[in-house]
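What follows is the content of coords27.cif (mmCIF, C-alpha atoms and all ligand atoms).
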```
data_model
loop_
_atom_site.label_atom_id
_atom_site.label_comp_id
_atom_site.auth_asym_id
_atom_site.auth_seq_id
_atom_site.Cartn_x
_atom_site.Cartn_y
_atom_site.Cartn_z
CA MET E 1 0.00 0.00 0.00
CA ALA E 2 1.31 3.45 -0.91
CA TYR E 3 1.76 6.29 1.57
CA SER E 4 -0.28 9.41 0.86
CA LEU E 5 2.86 11.55 0.57
CA VAL E 6 6.60 10.83 0.59
CA LEU E 7 9.24 13.57 0.88
CA ARG E 8 12.51 12.31 -0.62
CA ASN E 9 16.13 13.49 -0.81
CA GLY E 10 15.73 16.40 1.62
CA HIS E 11 18.12 17.02 4.52
CA VAL E 12 15.89 16.14 7.48
CA ILE E 13 16.63 17.96 10.75
CA ASP E 14 14.62 16.70 13.70
CA PRO E 15 16.31 17.54 17.01
CA SER E 16 13.70 15.48 18.90
CA GLN E 17 15.27 12.38 17.32
CA ASN E 18 18.81 13.72 17.08
CA LEU E 19 18.46 13.48 13.32
CA SER E 20 20.29 15.62 10.76
CA ARG E 21 20.93 13.86 7.44
CA VAL E 22 19.48 13.27 4.00
CA THR E 23 16.64 10.77 4.22
CA ALA E 24 12.92 10.40 3.44
CA VAL E 25 9.71 11.11 5.37
CA ALA E 26 6.43 9.30 4.71
CA ILE E 27 3.00 10.67 5.61
CA GLN E 28 -0.26 8.78 5.99
CA ASP E 29 -3.64 9.94 7.33
CA GLY E 30 -2.25 13.34 8.32
CA ARG E 31 0.49 11.86 10.48
CA VAL E 32 4.16 11.02 10.11
CA ALA E 33 4.18 7.33 9.16
CA ALA E 34 7.92 6.62 8.85
CA ILE E 35 11.39 8.11 8.36
CA GLY E 36 14.09 6.16 6.56
CA ASP E 37 16.14 5.58 3.45
CA GLU E 38 14.15 2.69 1.96
CA LEU E 39 10.55 3.89 2.13
CA GLY E 40 7.93 2.51 -0.24
CA PRO E 41 6.06 4.58 -2.82
CA GLY E 42 3.71 7.48 -2.17
CA LEU E 43 0.58 8.50 -4.08
CA ASP E 44 2.27 11.90 -4.10
CA GLU E 45 6.05 12.28 -3.92
CA LYS E 46 8.23 15.37 -3.61
CA ASN E 47 11.87 15.41 -4.58
CA LEU E 48 13.44 17.84 -2.10
CA TYR E 49 17.03 17.59 -3.27
CA GLY E 50 19.00 20.56 -1.90
CA LYS E 51 16.24 21.47 0.57
CA TYR E 52 15.83 21.03 4.29
CA VAL E 53 12.93 19.33 6.04
CA CYS E 54 12.12 19.96 9.70
CA PRO E 55 9.10 19.78 12.01
CA GLY E 56 6.49 22.51 11.55
CA LEU E 57 7.60 25.58 13.46
CA VAL E 58 6.08 26.36 16.86
CA ASP E 59 5.88 30.14 17.36
CA LEU E 60 5.60 30.55 21.12
CA HIS E 61 4.72 34.24 21.08
CA GLY E 62 2.29 36.03 18.75
CA HIS E 63 -1.02 37.90 18.89
CA TRP E 64 -3.84 36.14 17.09
CA TRP E 65 -7.09 37.71 18.31
CA GLU E 66 -8.42 40.18 15.78
CA GLY E 67 -10.81 41.60 18.38
CA SER E 68 -7.73 43.38 19.80
CA SER E 69 -5.95 46.23 18.05
CA TRP E 70 -2.84 44.07 18.30
CA GLY E 71 -4.29 40.97 16.64
CA ILE E 72 -3.77 39.47 13.20
CA ASP E 73 -5.16 36.40 11.43
CA PRO E 74 -3.09 33.42 12.60
CA ASP E 75 -3.37 31.61 9.25
CA ILE E 76 -0.70 33.89 7.80
CA CYS E 77 1.70 31.69 9.80
CA LEU E 78 1.16 28.92 7.26
CA ASN E 79 2.95 31.06 4.66
CA HIS E 80 6.20 30.72 6.56
CA GLY E 81 6.41 27.26 8.07
CA VAL E 82 4.61 27.83 11.36
CA THR E 83 2.05 25.10 12.04
CA THR E 84 1.46 25.92 15.74
CA ALA E 85 0.90 29.55 16.72
CA VAL E 86 0.73 30.30 20.44
CA ASP E 87 -1.16 33.43 21.42
CA ALA E 88 0.70 35.30 24.15
CA GLY E 89 -2.18 36.59 26.24
CA THR E 90 -4.04 38.78 23.77
CA THR E 91 -7.22 37.69 25.53
CA GLY E 92 -8.19 37.58 29.18
CA PHE E 93 -11.05 35.67 30.68
CA ILE E 94 -13.66 38.05 29.22
CA SER E 95 -12.54 37.77 25.60
CA PHE E 96 -11.22 34.19 25.59
CA PRO E 97 -14.54 32.47 24.77
CA ALA E 98 -15.07 34.67 21.69
CA PHE E 99 -11.42 34.17 20.69
CA ARG E 100 -11.94 30.42 20.85
CA ARG E 101 -15.19 30.43 18.91
CA MET E 102 -14.41 33.00 16.25
CA GLN E 103 -10.67 32.78 15.71
CA VAL E 104 -9.15 29.53 16.99
CA SER E 105 -11.93 27.30 15.61
CA ALA E 106 -11.87 29.03 12.23
CA ALA E 107 -8.09 28.79 11.81
CA THR E 108 -6.27 26.14 9.76
CA VAL E 109 -3.08 26.65 11.76
CA ARG E 110 -3.13 25.13 15.26
CA VAL E 111 -3.65 27.91 17.81
CA LEU E 112 -2.86 27.51 21.52
CA ALA E 113 -2.94 30.30 24.08
CA PHE E 114 -1.65 31.88 27.23
CA VAL E 115 -4.54 33.60 29.02
CA ASN E 116 -3.77 37.09 30.25
CA ILE E 117 -4.10 37.68 33.99
CA SER E 118 -5.82 40.93 32.99
CA ALA E 119 -9.54 40.38 32.47
CA ILE E 120 -9.41 42.40 29.26
CA GLY E 121 -6.30 40.81 27.76
CA ILE E 122 -4.34 43.30 25.64
CA PRO E 123 -7.06 45.20 23.79
CA THR E 124 -5.28 48.41 22.85
CA THR E 125 -2.05 50.35 22.88
CA LEU E 126 -3.74 53.36 24.45
CA VAL E 127 -4.06 52.15 28.06
CA GLY E 128 -2.05 49.49 29.90
CA GLU E 129 -4.13 46.41 30.73
CA LEU E 130 -2.98 46.39 34.38
CA GLU E 131 -2.74 50.10 35.10
CA ASP E 132 -5.91 49.46 37.09
CA ILE E 133 -5.07 46.46 39.28
CA ARG E 134 -8.74 45.52 39.53
CA PHE E 135 -8.34 43.97 36.07
CA ALA E 136 -5.96 41.33 37.51
CA ARG E 137 -8.26 38.32 38.06
CA PRO E 138 -6.62 35.07 39.24
CA ILE E 139 -9.85 33.21 40.03
CA GLU E 140 -11.63 33.94 36.76
CA THR E 141 -8.41 33.35 34.79
CA GLY E 142 -8.10 29.94 36.46
CA ARG E 143 -11.70 29.11 35.60
CA VAL E 144 -11.38 29.94 31.92
CA ILE E 145 -8.19 27.86 31.75
CA GLU E 146 -9.93 24.89 33.41
CA ALA E 147 -12.78 25.14 30.90
CA ASN E 148 -10.35 25.27 27.95
CA ARG E 149 -7.55 22.94 28.97
CA ASP E 150 -7.08 21.71 25.42
CA LEU E 151 -5.98 25.16 24.24
CA CYS E 152 -4.60 26.93 27.29
CA VAL E 153 -0.91 26.55 28.06
CA GLY E 154 -0.36 29.14 30.78
CA VAL E 155 -0.90 32.60 32.21
CA LYS E 156 0.49 35.73 30.56
CA ILE E 157 1.51 38.95 32.21
CA ARG E 158 3.21 42.02 30.75
CA GLU E 159 5.44 43.78 33.26
CA GLY E 160 6.49 47.35 32.45
CA THR E 161 4.60 50.55 31.79
CA MET E 162 1.42 48.51 31.28
CA THR E 163 1.39 47.44 34.95
CA GLY E 164 1.74 51.08 36.12
CA ILE E 165 2.59 51.05 39.84
CA HIS E 166 1.17 47.54 40.32
CA GLY E 167 4.02 45.37 39.02
CA THR E 168 4.52 43.31 42.17
CA GLU E 169 0.86 42.83 42.99
CA ALA E 170 0.03 41.92 39.40
CA MET E 171 2.87 39.35 39.37
CA ASP E 172 1.47 37.83 42.59
CA LYS E 173 -1.88 37.37 40.92
CA ALA E 174 -0.40 35.85 37.76
CA LEU E 175 1.53 33.34 39.89
CA GLU E 176 -1.63 32.60 41.87
CA ALA E 177 -3.54 31.75 38.67
CA ALA E 178 -0.61 29.67 37.41
CA ASN E 179 -0.33 27.76 40.70
CA SER E 180 -4.05 27.07 40.86
CA THR E 181 -4.02 25.55 37.35
CA GLY E 182 -0.61 23.84 37.55
CA LEU E 183 0.60 25.79 34.52
CA ARG E 184 3.44 28.17 33.76
CA VAL E 185 3.61 31.94 33.64
CA MET E 186 4.94 33.77 30.60
CA VAL E 187 6.18 37.17 31.74
CA HIS E 188 7.03 39.97 29.33
CA ILE E 189 9.78 42.25 30.66
CA THR E 190 10.17 45.74 29.28
CA LYS E 191 11.20 49.17 30.54
CA GLY E 192 9.61 49.74 33.93
CA ALA E 193 9.64 46.07 34.99
CA ASP E 194 11.30 45.15 38.29
CA THR E 195 13.18 42.47 36.38
CA ARG E 196 15.51 41.29 39.18
CA ARG E 197 12.64 40.68 41.59
CA ILE E 198 10.52 39.07 38.89
CA LEU E 199 13.34 36.67 38.00
CA GLU E 200 13.81 35.68 41.63
CA ARG E 201 10.17 34.70 41.86
CA LEU E 202 9.90 32.61 38.70
CA ARG E 203 9.59 28.85 39.05
CA PRO E 204 11.10 26.09 36.87
CA GLY E 205 9.26 26.07 33.55
CA ASP E 206 8.10 29.69 33.75
CA ILE E 207 9.00 31.72 30.65
CA VAL E 208 10.60 35.16 30.32
CA THR E 209 9.84 36.72 26.94
CA HIS E 210 11.61 39.62 25.18
CA CYS E 211 14.90 38.34 26.63
CA PHE E 212 17.02 40.36 24.16
CA GLN E 213 15.10 43.64 24.35
CA GLY E 214 17.31 46.72 24.53
CA ARG E 215 15.02 49.31 26.06
CA GLY E 216 16.11 48.86 29.65
CA ASP E 217 15.19 46.68 32.63
CA GLY E 218 16.24 43.63 30.64
CA ILE E 219 18.68 40.79 31.32
CA LEU E 220 21.81 42.99 31.46
CA ASN E 221 22.97 45.20 34.32
CA SER E 222 22.44 48.81 33.22
CA ASP E 223 25.89 49.95 34.45
CA ASP E 224 28.39 47.42 33.17
CA HIS E 225 26.15 45.44 30.79
CA ARG E 226 26.96 42.20 32.54
CA LEU E 227 24.38 39.44 32.62
CA LEU E 228 22.35 39.85 35.81
CA PRO E 229 23.14 37.19 38.43
CA GLU E 230 19.36 36.70 38.77
CA VAL E 231 19.27 35.68 35.08
CA VAL E 232 22.01 33.09 35.60
CA ASN E 233 20.24 31.71 38.69
CA ALA E 234 16.86 31.63 36.96
CA ARG E 235 18.28 29.64 34.06
CA LYS E 236 19.90 27.20 36.50
CA ARG E 237 16.48 26.66 38.08
CA GLY E 238 14.92 25.88 34.72
CA VAL E 239 13.29 29.21 33.86
CA GLN E 240 13.00 29.49 30.06
CA PHE E 241 14.14 32.55 28.06
CA ASP E 242 12.17 33.35 24.91
CA VAL E 243 13.02 35.84 22.14
CA GLY E 244 9.63 37.52 21.40
CA HIS E 245 11.14 39.81 18.74
CA GLY E 246 8.16 42.14 18.19
CA ALA E 247 8.29 45.81 17.31
CA GLY E 248 10.56 46.81 20.16
CA ALA E 249 12.18 43.79 21.71
CA PHE E 250 15.21 42.64 19.75
CA SER E 251 18.60 44.37 20.03
CA TRP E 252 21.72 43.08 18.28
CA ASP E 253 23.80 44.61 21.08
CA VAL E 254 21.93 42.85 23.88
CA ALA E 255 21.86 39.52 22.05
CA ARG E 256 25.56 39.69 21.19
CA ARG E 257 26.46 40.65 24.74
CA ALA E 258 24.40 37.73 26.06
CA PHE E 259 26.13 35.39 23.59
CA GLU E 260 29.50 36.47 25.04
CA TYR E 261 28.23 34.85 28.25
CA PHE E 262 27.14 31.75 26.29
CA PHE E 263 23.58 32.82 27.07
CA TYR E 264 21.47 31.63 24.13
CA PRO E 265 17.68 31.71 23.88
CA ASP E 266 15.72 28.63 24.93
CA THR E 267 13.03 29.41 22.37
CA ILE E 268 12.85 31.61 19.27
CA SER E 269 9.55 33.43 18.63
CA THR E 270 8.27 36.36 16.59
CA ASP E 271 5.85 38.34 18.77
CA LEU E 272 4.04 39.05 15.52
CA HIS E 273 1.23 41.56 15.95
CA ARG E 274 -0.48 44.33 13.99
CA PHE E 275 2.28 46.82 14.65
CA SER E 276 5.34 44.57 14.40
CA ILE E 277 4.20 43.03 11.13
CA ALA E 278 3.55 46.42 9.60
CA ARG E 279 6.93 47.93 10.43
CA TRP E 280 9.30 45.03 10.14
CA ALA E 281 7.36 42.59 7.96
CA PHE E 282 9.20 39.68 9.49
CA ASP E 283 8.27 36.10 10.24
CA MET E 284 9.72 33.03 11.99
CA PRO E 285 12.25 32.27 9.22
CA SER E 286 13.64 35.82 9.35
CA VAL E 287 13.94 35.79 13.16
CA MET E 288 15.58 32.35 12.94
CA SER E 289 17.96 33.72 10.29
CA LYS E 290 19.16 36.34 12.79
CA PHE E 291 20.26 33.63 15.22
CA LEU E 292 21.91 31.69 12.41
CA HIS E 293 23.74 34.92 11.54
CA MET E 294 24.91 35.28 15.17
CA GLY E 295 26.59 31.89 15.00
CA MET E 296 24.07 29.38 16.31
CA SER E 297 24.09 26.12 14.34
CA LEU E 298 21.20 25.38 12.02
CA GLU E 299 20.29 22.36 14.17
CA ASP E 300 20.16 24.53 17.30
CA VAL E 301 18.07 27.20 15.57
CA ILE E 302 15.64 24.48 14.43
CA LEU E 303 15.53 22.94 17.92
CA LYS E 304 14.65 26.29 19.47
CA SER E 305 11.91 26.90 16.91
CA THR E 306 10.32 23.44 17.04
CA TRP E 307 10.80 20.90 19.82
CA ALA E 308 12.05 23.31 22.50
CA PRO E 309 8.93 25.54 22.39
CA ALA E 310 6.72 22.43 22.13
CA GLN E 311 8.38 21.04 25.27
CA ALA E 312 8.08 24.42 27.00
CA ILE E 313 4.28 24.01 26.80
CA ASP E 314 4.26 20.24 27.51
CA ARG E 315 3.44 19.29 23.91
CA GLY E 316 6.80 17.77 23.00
CA ASP E 317 5.35 14.30 22.39
CA GLN E 318 3.13 15.53 19.53
CA LEU E 319 4.41 18.91 18.31
CA GLY E 320 7.78 20.09 17.04
CA THR E 321 8.73 16.50 16.22
CA LEU E 322 8.69 14.13 13.23
CA LYS E 323 8.43 11.00 15.34
CA PRO E 324 6.12 8.45 13.67
CA GLY E 325 2.58 9.03 14.93
CA ALA E 326 3.00 12.79 15.38
CA PRO E 327 0.84 15.12 13.25
CA ALA E 328 2.42 15.60 9.82
CA ASP E 329 3.26 19.25 10.46
CA ILE E 330 6.41 19.94 8.44
CA PHE E 331 8.45 22.89 7.21
CA VAL E 332 10.50 22.64 4.03
CA PHE E 333 13.03 25.41 3.43
CA GLU E 334 16.16 26.45 1.59
CA LEU E 335 19.25 28.18 2.89
CA GLU E 336 19.56 31.07 0.49
CA GLU E 337 23.01 32.61 0.04
CA GLY E 338 23.62 36.27 -0.71
CA SER E 339 23.69 39.52 1.24
CA PHE E 340 20.61 40.21 3.33
CA PRO E 341 20.07 43.18 5.65
CA LEU E 342 18.54 42.02 8.94
CA GLU E 343 17.30 44.85 11.13
CA ASP E 344 16.82 44.89 14.89
CA THR E 345 14.07 46.94 16.55
CA HIS E 346 16.50 49.82 17.06
CA LEU E 347 16.72 50.10 13.26
CA ARG E 348 20.27 48.73 13.18
CA ALA E 349 20.88 46.44 10.24
CA GLU E 350 23.49 43.71 9.97
CA ARG E 351 24.23 41.93 6.72
CA ALA E 352 23.75 38.21 6.77
CA VAL E 353 25.17 35.90 4.13
CA ARG E 354 22.51 33.22 4.61
CA ARG E 355 18.82 33.23 5.29
CA ILE E 356 16.06 30.68 5.65
CA ARG E 357 13.62 30.82 2.75
CA PRO E 358 10.30 28.93 3.04
CA VAL E 359 9.58 26.37 0.32
CA LEU E 360 6.55 24.48 1.67
CA THR E 361 4.46 24.24 4.80
CA ILE E 362 2.74 20.94 5.44
CA LYS E 363 -0.10 21.00 7.98
CA ALA E 364 -1.59 17.63 8.94
CA GLY E 365 -0.31 16.22 5.66
CA GLN E 366 -1.75 19.02 3.48
CA ILE E 367 0.76 20.93 1.35
CA ILE E 368 0.61 24.73 1.54
CA GLU E 369 2.65 26.94 -0.80
CA PRO E 370 4.29 30.06 0.68
CA GLY E 371 2.11 33.11 0.09
CA SER E 372 -1.05 31.12 -0.52
CA TYR E 373 -2.75 32.59 2.56
CA PRO E 374 -3.61 36.25 1.95
CA VAL E 375 -2.45 38.61 4.67
CA ARG E 376 -5.57 40.43 5.81
CA LEU E 377 -4.63 43.22 8.18
CA ARG E 378 -7.02 45.52 10.02
CA GLU E 379 -6.95 49.06 8.66
CA LEU E 380 -4.97 51.36 10.94
CA GLU E 381 -7.08 53.96 12.73
CA GLU E 382 -5.86 57.43 13.57
CA CYS E 383 -4.95 56.36 17.13
CA ASP E 384 -2.95 53.43 15.71
CA ARG E 385 -1.06 55.84 13.51
CA ASP E 386 -0.01 57.84 16.55
CA VAL E 387 1.33 54.69 18.16
CA PHE E 388 2.99 53.63 14.96
CA ARG E 389 4.77 56.95 14.48
CA PHE E 390 5.90 56.70 18.06
CA VAL E 391 7.34 53.22 17.49
CA GLU E 392 9.22 54.45 14.41
CA GLU E 393 10.55 57.59 16.06
CA THR E 394 11.75 55.95 19.25
CA ALA E 395 12.96 52.67 17.87
CA GLY E 396 16.41 54.09 17.16
CA GLN E 397 16.91 55.60 20.59
CA ARG E 398 18.53 53.15 22.95
CA GLY E 399 16.78 52.70 26.27
CA THR E 400 13.86 54.97 25.55
CA ILE E 401 10.23 54.23 26.00
CA GLY E 402 7.48 56.75 25.86
CA LYS E 403 4.08 57.10 27.38
CA ILE E 404 2.36 54.56 25.19
CA ASN E 405 2.66 50.82 25.78
CA ALA E 406 3.75 50.02 22.27
CA ASP E 407 6.67 47.95 23.46
CA GLY E 408 5.35 44.48 22.81
ZN ZN A 1 3.66 40.10 22.66
#
```

Serialized structure, structure tokens:
Amino acid sequence: MAYSLVLRNGHVIDPSQNLSRVTAVAIQDGRVAAIGDELGPGLDEKNLYGKYVCPGLVDLHGHWWEGSSWGIDPDICLNHGVTTAVDAGTTGFISFPAFRRMQVSAATVRVLAFVNISAIGIPTTLVGELEDIRFARPIETGRVIEANRDLCVGVKIREGTMTGIHGTEAMDKALEAANSTGLRVMVHITKGADTRRILERLRPGDIVTHCFQGRGDGILNSDDHRLLPEVVNARKRGVQFDVGHGAGAFSWDVARRAFEYFFYPDTISTDLHRFSIARWAFDMPSVMSKFLHMGMSLEDVILKSTWAPAQAIDRGDQLGTLKPGAPADIFVFELEEGSFPLEDTHLRAERAVRRIRPVLTIKAGQIIEPGSYPVRLRELEECDRDVFRFVEETAGQRGTIGKINADG
């Protein structure tokens, strides 16, 4: 009997099986059926000579609820190899049910979610979601997670200007919700966060996102730019550090400094949202290309974009892996050679000589060509334009952040 699809002659990289060599992958009934050199015929076969094959990418941090001014349609992920898109707390307990019904259920890409400790999630750039601490709701957050266990992977909190004067109390409530549900916290750290105290409080498996942001109150000491001892201790305890590139959270300087300390990200993610996609027009492959450019091996970059994020949310047995029986979620790409400007969120460009170029996304065995999902973006309103100008104007100024919470 023939397999439904066989991918031949590609260089298969699957860190979950310690695999990096040219071989074949067979797919049957939407799942990986076998990997090996002597596979039987397929009803459909692809010759992927010169291409790479890896598990579908798992983007641990994006904003996929279009009921928020931050949100975009998650299916655009399928254009660039992402088969699992994790929403990083765009909804809180009030908006989660509508998010599930109208966005997650309608999407072709798999969508999972952190639920924001703020009742209102992250609806707008105009007002921080925790500037009024009454929005921090551990009990209701726990209830919505219990009712949606299949989709919910943890509790999200943004610490910085958006918590106003309530950073510590808000963190208490996020940890309370996480403890009551047995799940992890993902904490965003930006200018205004009490990062050292936050790090001390995080538990094994909790996630720090925006780890290479350069706007202040990050992982480096502000005086001598050494890695904070709290960062080193947190990593030793098993706290995970996620990239969350976004519109304001990736600095070449911070990342390079961290690399001098052999401090590499645990997970690579985009923080794609309405504002980051408009300004930087990036995607998982371009963020991954930045880490390749900084000297990480291709295998490590793939690990941190597939199995590592899947494991970070306890889905490592099914997602980010090509083990037989796992969903046939696969990314096929090329390493393109040339000279490519890669910009950080401070508008500093470095020239890379290689970049990852998507060739095919396969979701549950179905082949999707890059660009086949139209990018439908909400029209910007006048208030968005103010935020957007602000992001552009301040992006180049190291360590600055203005009055608006556009630092996702
Ligand atoms: Zn974000």

Self-check item: For Arg226 of chain E, the nearest of the candidates E:Phe135, E:Phe282, E:Phe250, E:Phe263, counting all atoms listed in the file
Solution: E:Phe263

At a cut-off of 8 Å, can you tabulate as JSON lines every residue of segment 23-83 of chain E near segment 333-344 of chain E together with its closest atom pair and the distance in Å to one decimal, using only C-alpha atoms and ordering rows by chain then number?
```
{"residue": "E:Gly50", "atom": "CA", "partner": "E:Glu334", "partner_atom": "CA", "distance": 7.4}
{"residue": "E:Lys51", "atom": "CA", "partner": "E:Glu334", "partner_atom": "CA", "distance": 5.1}
{"residue": "E:Tyr52", "atom": "CA", "partner": "E:Phe333", "partner_atom": "CA", "distance": 5.3}
{"residue": "E:Val53", "atom": "CA", "partner": "E:Phe333", "partner_atom": "CA", "distance": 6.6}
```

Quiz prompt | Straight-line distance linking atom CA of Leu298 of chain E with atom CA of Asp44 of chain E, stated in Å to one decimal | solution =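 Computing it gives 28.3 Å between the two atoms.
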
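Ranking E:Ser305, E:Thr267, E:Ser286, E:Asn116 by their shortest atom-to-atom distance to ligand ZN 1 (chain A), with only C-alpha atoms and all ligand atoms included, puts E:Asn116 first.
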
Quiz prompt | Protein and nucleic acid residues within 12 Å of ligand ZN 1 (chain A) (all atoms listed in the file) as a PyMOL selection string | solution = chain E and resi 59-65+70-71+86-91+113-114+116+121-123+125+156-159+186-190+208-210+242-249+269-277+405-408

Exercise. Around the point (15.3, 42.7, 39.7), in the coordinates given by the file, pick out the residues reaching within 10 Å, counting all atoms listed in the file, and return them as an NGL selection string.
Key: :E and (193-201 or 217-219 or 221 or 228-231)

Self-check item: Å distance separating atom CA of Arg31 of chain E from atom CA of Ala85 of chain E, one decimal place
Solution: 18.8 Å

Exercise. Return the single residue from E:Ala174, E:Ala33, E:Leu151, E:Ile368 that is closest to Lys323 of chain E, with distances computed using all atoms listed in the file.
Key: E:Ala33

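Computed from the coordinates, the atom CA of Ala136 of chain E to atom CA of Ile120 of chain E distance equals 9.0 Å.
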
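Minimum atom-to-atom distance to Arg354 of chain E, evaluated using only C-alpha atoms, belongs to E:Lys290 out of E:Arg184, E:Lys290, E:Arg137, E:Arg143.
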
Which residues of segment 262-381 of chain E come within 10 Å of segment 18-22 of chain E, and for each one, what is the closest pair of atoms and their distance in Å to one decimal, counting all atoms listed in the file, sorted by chain and residue number, as a tab-separated table?
```
residue	atom	partner	partner_atom	distance
E:Leu298	CA	E:Ser20	CA	9.9
E:Glu299	CA	E:Ser20	CA	7.6
E:Leu303	CA	E:Asn18	CA	9.8
E:Leu322	CA	E:Leu19	CA	9.8
```

Practice problem: May I ask which of the residues E:Ala312, E:Met102, E:Ile367, E:Lys304 is the closest one to Pro204 of chain E, counting all atoms listed in the file? | Solution: E:Ala312

Exercise. Name the residues, using the chain letters and numbers of the file, that sit within 7 Å of (-3.5, 35.2, 40.9) when counting only C-alpha atoms, and give them as a list in words.
Key: Arg137, Pro138, Ile139, Asp172, Lys173, Ala174, Leu175, Glu176 and Ala177 of chain E

Quiz item: Nearest to Gly42 of chain E: which of E:Ile165, E:Cys54, E:Leu7, E:Val239 is it, counting only C-alpha atoms?
Solution: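 Of E:Ile165, E:Cys54, E:Leu7, E:Val239, the one nearest Gly42 of chain E is E:Leu7, counting only C-alpha atoms.
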
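Those residues that approach Pro97 of chain E to within 12 Å, counting all atoms listed in the file, are Trp65, Gly67, Thr91, Gly92, Phe93, Ile94, Ser95, Phe99, Arg100, Arg101, Met102, Gln103, Val104, Ser105, Ala113, Val115, Thr141, Arg143, Val144, Ile145, Ala147, Asn148, Leu151 and Cys152 of chain E; same-chain residues fewer than 2 positions away are not listed.
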
Exercise. Write out as an MDAnalysis selection string the residues lying within 8 Å of Gly142 of chain E, counting all atoms listed in the file and excluding same-chain residues fewer than 5 positions away.
Key: chainID E and resid 177:178 180:181

Quiz prompt | Near-Gly325 of chain E list (10 Å; only C-alpha atoms; drop same-chain fewer than 4 positions) as a list of chain:residue names | solution =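 That gives E:Ile27, E:Gln28, E:Asp29, E:Gly30, E:Arg31, E:Val32, E:Ala33, E:Ala34, E:Asp317, E:Gln318, E:Thr321.
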
Can I get segment 181-193 of chain E with N, CA and C atoms filled in, as an mmCIF file, in the coordinates of the input?
```cif
data_model
loop_
_atom_site.group_PDB
_atom_site.id
_atom_site.type_symbol
_atom_site.label_atom_id
_atom_site.label_comp_id
_atom_site.auth_asym_id
_atom_site.auth_seq_id
_atom_site.Cartn_x
_atom_site.Cartn_y
_atom_site.Cartn_z
ATOM 1 N N THR E 181 -3.746 26.389 38.524
ATOM 2 C CA THR E 181 -4.020 25.550 37.350
ATOM 3 C C THR E 181 -2.861 24.592 37.048
ATOM 4 N N GLY E 182 -1.769 24.709 37.805
ATOM 5 C CA GLY E 182 -0.610 23.840 37.550
ATOM 6 C C GLY E 182 0.098 24.165 36.254
ATOM 7 N N LEU E 183 -0.045 25.397 35.779
ATOM 8 C CA LEU E 183 0.600 25.790 34.520
ATOM 9 C C LEU E 183 1.667 26.842 34.761
ATOM 10 N N ARG E 184 2.323 27.226 33.693
ATOM 11 C CA ARG E 184 3.440 28.170 33.760
ATOM 12 C C ARG E 184 2.950 29.597 33.551
ATOM 13 N N VAL E 185 3.813 30.532 33.947
ATOM 14 C CA VAL E 185 3.610 31.940 33.640
ATOM 15 C C VAL E 185 4.547 32.300 32.491
ATOM 16 N N MET E 186 4.044 33.097 31.542
ATOM 17 C CA MET E 186 4.940 33.770 30.600
ATOM 18 C C MET E 186 4.937 35.241 30.977
ATOM 19 N N VAL E 187 6.103 35.764 31.337
ATOM 20 C CA VAL E 187 6.180 37.170 31.740
ATOM 21 C C VAL E 187 6.997 37.955 30.725
ATOM 22 N N HIS E 188 6.385 39.031 30.253
ATOM 23 C CA HIS E 188 7.030 39.970 29.330
ATOM 24 C C HIS E 188 7.746 41.005 30.195
ATOM 25 N N ILE E 189 9.038 41.222 29.914
ATOM 26 C CA ILE E 189 9.780 42.250 30.660
ATOM 27 C C ILE E 189 10.177 43.376 29.719
ATOM 28 N N THR E 190 9.715 44.575 30.038
ATOM 29 C CA THR E 190 10.170 45.740 29.280
ATOM 30 C C THR E 190 10.442 46.870 30.261
ATOM 31 N N LYS E 191 10.843 48.005 29.721
ATOM 32 C CA LYS E 191 11.200 49.170 30.540
ATOM 33 C C LYS E 191 10.120 49.412 31.595
ATOM 34 N N GLY E 192 10.559 49.523 32.835
ATOM 35 C CA GLY E 192 9.610 49.740 33.930
ATOM 36 C C GLY E 192 9.378 48.487 34.748
ATOM 37 N N ALA E 193 9.800 47.327 34.224
ATOM 38 C CA ALA E 193 9.640 46.070 34.990
ATOM 39 C C ALA E 193 10.702 45.992 36.082
#
```
